[in-house]
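Notes follow once the structure below has been shown.
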2 protein chains.
Amino acid sequence: MPADPVRVALIQMACAPSTEENLDHAAGLVRQAARAGAELICLPELFRSQYFCQREDHALFALAEPIPGPSTARLSAVVREAKITLIASLFERRAPGLYHNTVAVLDHESTEPDNISGIYRKMHIPDDPLYYEKFYFAPGDLGFRAIPTSHGPLGALICWDQWFPEAARLTALAGAQSIFIPTAIGWHPSEKSEFGAAQYSAWKAIQRAHAIANGVFVCAVNRVGHEHGDVIHSNPDGSTTEVRGPGDHSTASGIEFWGGSFIADPFGRILAQASHNQEEIVTATLDPALVETTRQHWPFLRDRRIDAYSAITNRLLD
Amino acid sequence: MPADPVRVALIQMACAPSTEENLDHAAGLVRQAARAGAELICLPELFRSQYFCQREDHALFALAEPIPGPSTARLSAVVREAKITLIASLFERRAPGLYHNTVAVLDHESTEPDNISGIYRKMHIPDDPLYYEKFYFAPGDLGFRAIPTSHGPLGALICWDQWFPEAARLTALAGAQSIFIPTAIGWHPSEKSEFGAAQYSAWKAIQRAHAIANGVFVCAVNRVGHEHGDVIHSNPDGSTTEVRGPGDHSTASGIEFWGGSFIADPFGRILAQASHNQEEIVTATLDPALVETTRQHWPFLRDRRIDAYSAITNRLLD
């Protein structure tokens, strides 16, 4: 990793029903962050639409697109213009009937199509009330990776991955000194008063712990806003896919995405922190020198018992 | 694990130079906790002495003892009398010249010698300024385990182990629904003002993360007090080992152990929390039903990608 510190921005954004509107809005926020000095910018999970996985509906596969594809074409123009690196979470159509929840890393120096220097396919797929992702996304088959960029190799995980220490560990062992985690997570309105604070606290603690355990920067970026999963999408053939989300669309239904995006340094200190209820661009400077000094002072990588971990590939040791 | 909730006590104690005095003091605090209703009690790491690993001195191997041995004989009497389960951290002499940092779990229902239902030998051994443990302790060779007790299987890790997600994961996969972590960790006085808060915060965050990632209770118990590592020990042959700790014994030398013992539930919520500067008995009731409901609502064990974790046995993926 080059020794130069890099200015990072996380785009905590709200998403409208229109995919075209969200793509425009995201591109605008990315340009705004770049104008303010950001060199490495990360969008939240599946920012191009409202979080449609609140129900299982075959019509929504129309949102999927190849990578490279329409969204990366659009975003790569912004990347080249602003001379940045961009981490974009997309609904990937890999083959007919085979879809993934995928991150594409676009780098202005990359010579690959649409400046895509690498992709990561979400490895851990949730399936819980209002998060029916196993219906839409095949589990990733690329493993955990460090993706090369003009700012050195970086790691990407996606939402549910953030609860699995193995994911962060393997990403760090692959050479990533920062891990970006685009996310779409929020409160069920009916649970918020009883469990909301503990849920956000757990979400933050486990990601800070990934930073600490591995001596890496962790950048978690979430969306914000109360969504019911309404979608309006213009298809390439000129038709429109328009699907109203489930439920009664009252304030008691849907998901209240909790924002709260943050950047943690390699010892888990919070460098930047967003609110729960508004769009924000969260910025910090990541200095790779801090990775090495932190790992020297808390030398966990030195002392891992690699002779004693093989049973971790078991479901349970019963 | 039986369905009955269990009342737990962590003994956050200070340690004097005299090993005999510490053993008496620990036994007294254990009895006190049991009288107040505790059924499962955990002592801090190497509570029988001041933290002697502040320097490398061959004379200090005299503190090591077999397991079963003098300390477990003494403690098992307390265990039988109070009808409790006790987790005790000891300096184990396994063979001439082979020593371990070991936890013994004593259970009043165990029919093994000294009521020892199982041991765990510290797997991750630190070596850092004032924590010269690699000189004293061979790395554990028993792996990560669930130790049977009259309150169901429990896990034990020891201090430095707490920084390694693999240790907590394998202990949970082995069947432990609670993980006890006897610890001796503190601040270098010269670093405390700059790094102290972040160090304690990281220590707490990563252990809460073990609870969250695995859906288990985590009980971390630390010592308290400013020590220079002075030791006065009566040997079985009637001689006395008396070793003054290193440094000038000013307030700027030695280690200020940070206490701060805590109990976290399977979603990382803090059930009980000790201060940084005094002896305390930290208590909470652990309800095993909460393990199952937490894992149902946040089903991380369901979604682990056991097909994709084998590379975790590498030092680095370079």
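Letters A, B, ... mark the chains of the structure tokens in the order given; residue numbers begin at 1 per chain; ligand numbers begin at 1, in order shown.
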Out of segment 17-168 of chain B, which residues get alpha helix (DSSP H) from DSSP, as a PyMOL selection string? chain B and resi 19-35+70-82+133-136+165-168
Take the residues from that selection and write them out as a compact mmCIF listing (two decimals), in the first residue's frame, keeping C-alpha atoms.
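Resulting contents of part25.txt:
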# COMPACT_ATOMS: atom_id res chain seq x y z
CA THR B 19 0.91 -15.50 47.29
CA GLU B 20 -0.49 -16.96 50.50
CA GLU B 21 -2.27 -13.72 51.28
CA ASN B 22 -3.76 -13.60 47.76
CA LEU B 23 -5.03 -17.16 47.97
CA ASP B 24 -6.65 -16.39 51.34
CA HIS B 25 -8.13 -13.19 49.99
CA ALA B 26 -9.49 -14.90 46.86
CA ALA B 27 -11.03 -17.70 48.92
CA GLY B 28 -12.69 -15.12 51.15
CA LEU B 29 -14.15 -13.20 48.21
CA VAL B 30 -15.39 -16.41 46.61
CA ARG B 31 -17.14 -17.38 49.86
CA GLN B 32 -18.64 -13.90 50.07
CA ALA B 33 -19.96 -14.12 46.50
CA ALA B 34 -21.40 -17.57 47.18
CA ARG B 35 -23.14 -16.36 50.34
CA PRO B 70 -1.75 -26.95 46.31
CA SER B 71 -4.01 -24.17 45.01
CA THR B 72 -6.68 -26.47 43.58
CA ALA B 73 -6.65 -28.47 46.83
CA ARG B 74 -7.29 -25.30 48.77
CA LEU B 75 -9.95 -24.01 46.36
CA SER B 76 -11.76 -27.32 46.00
CA ALA B 77 -12.51 -27.22 49.71
CA VAL B 78 -14.22 -23.88 49.17
CA VAL B 79 -16.04 -25.22 46.13
CA ARG B 80 -17.43 -28.22 48.03
CA GLU B 81 -18.32 -26.19 51.07
CA ALA B 82 -20.14 -23.49 49.08
CA GLU B 133 4.72 -14.16 28.90
CA LYS B 134 6.46 -16.06 26.11
CA PHE B 135 9.37 -16.49 28.54
CA TYR B 136 7.21 -18.25 31.14
CA PRO B 165 -12.07 -13.90 17.15
CA GLU B 166 -11.05 -17.43 16.18
CA ALA B 167 -10.66 -18.35 19.86
CA ALA B 168 -14.17 -17.26 20.80
Would you give me, as a ChimeraX atom specification, the residues of chain A that come within 9 Å of chain B, using only C-alpha atoms? /A:123-128,141,143-144,160,163-167,169-170,172-175,198-199,201-203,205-210,212-213,267-269,297-318
Can you tell me, as number ranges by chain, what residues are no more than 8 Å from segment 6-11 of chain A when counting only C-alpha atoms, ignoring any on the same chain fewer than 6 positions away? A: 26, 29-30, 33, 37-44, 151, 219-221, 261, 279-287
To test your reading of the structure, identify every residue in segment 25-233 of chain B that backbone DSSP assigns to strand (DSSP E), and report it as a ChimeraX atom specification. /B:40-42,85-95,98-107,116-121,155-156,178-183,186-187,217-222,224-227,231-233
Name the residues in contact with segment 91-93 of chain A at a cut-off of 7 Å, using only C-alpha atoms, excluding same-chain residues fewer than 6 positions from it; report them as a ChimeraX atom specification. /A:46,64-67,99-102
Skipping near chain neighbours, those fewer than 4 positions away, what residues fall within 8 Å of Leu98 of chain B using only C-alpha atoms, listed as an MDAnalysis selection string? chainID B and resid 93:94 137:138
Any chance you can output those residues with C-alpha atoms as a PDB file, in the first residue's frame?
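Below is the file that was written, result29.pdb:
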ATOM      1  CA  ARG B  93       3.914 -26.692  36.173  1.00  0.00           C
ATOM      2  CA  ARG B  94       3.202 -29.507  33.733  1.00  0.00           C
ATOM      3  CA  PHE B 137       4.429 -20.070  29.316  1.00  0.00           C
ATOM      4  CA  ALA B 138       4.409 -22.640  26.551  1.00  0.00           C
TER       5      ALA B 138
END
For Tyr131 of chain A, find every residue with an atom within 9 Å (counting only C-alpha atoms), except residues of its own chain fewer than 5 positions away, and show them as a ChimeraX atom specification. /A:51-55,126
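Our summary of the geometry notes that atom CA of Met13 of chain A is positioned 10.2 Å from atom CA of Phe257 of chain A.
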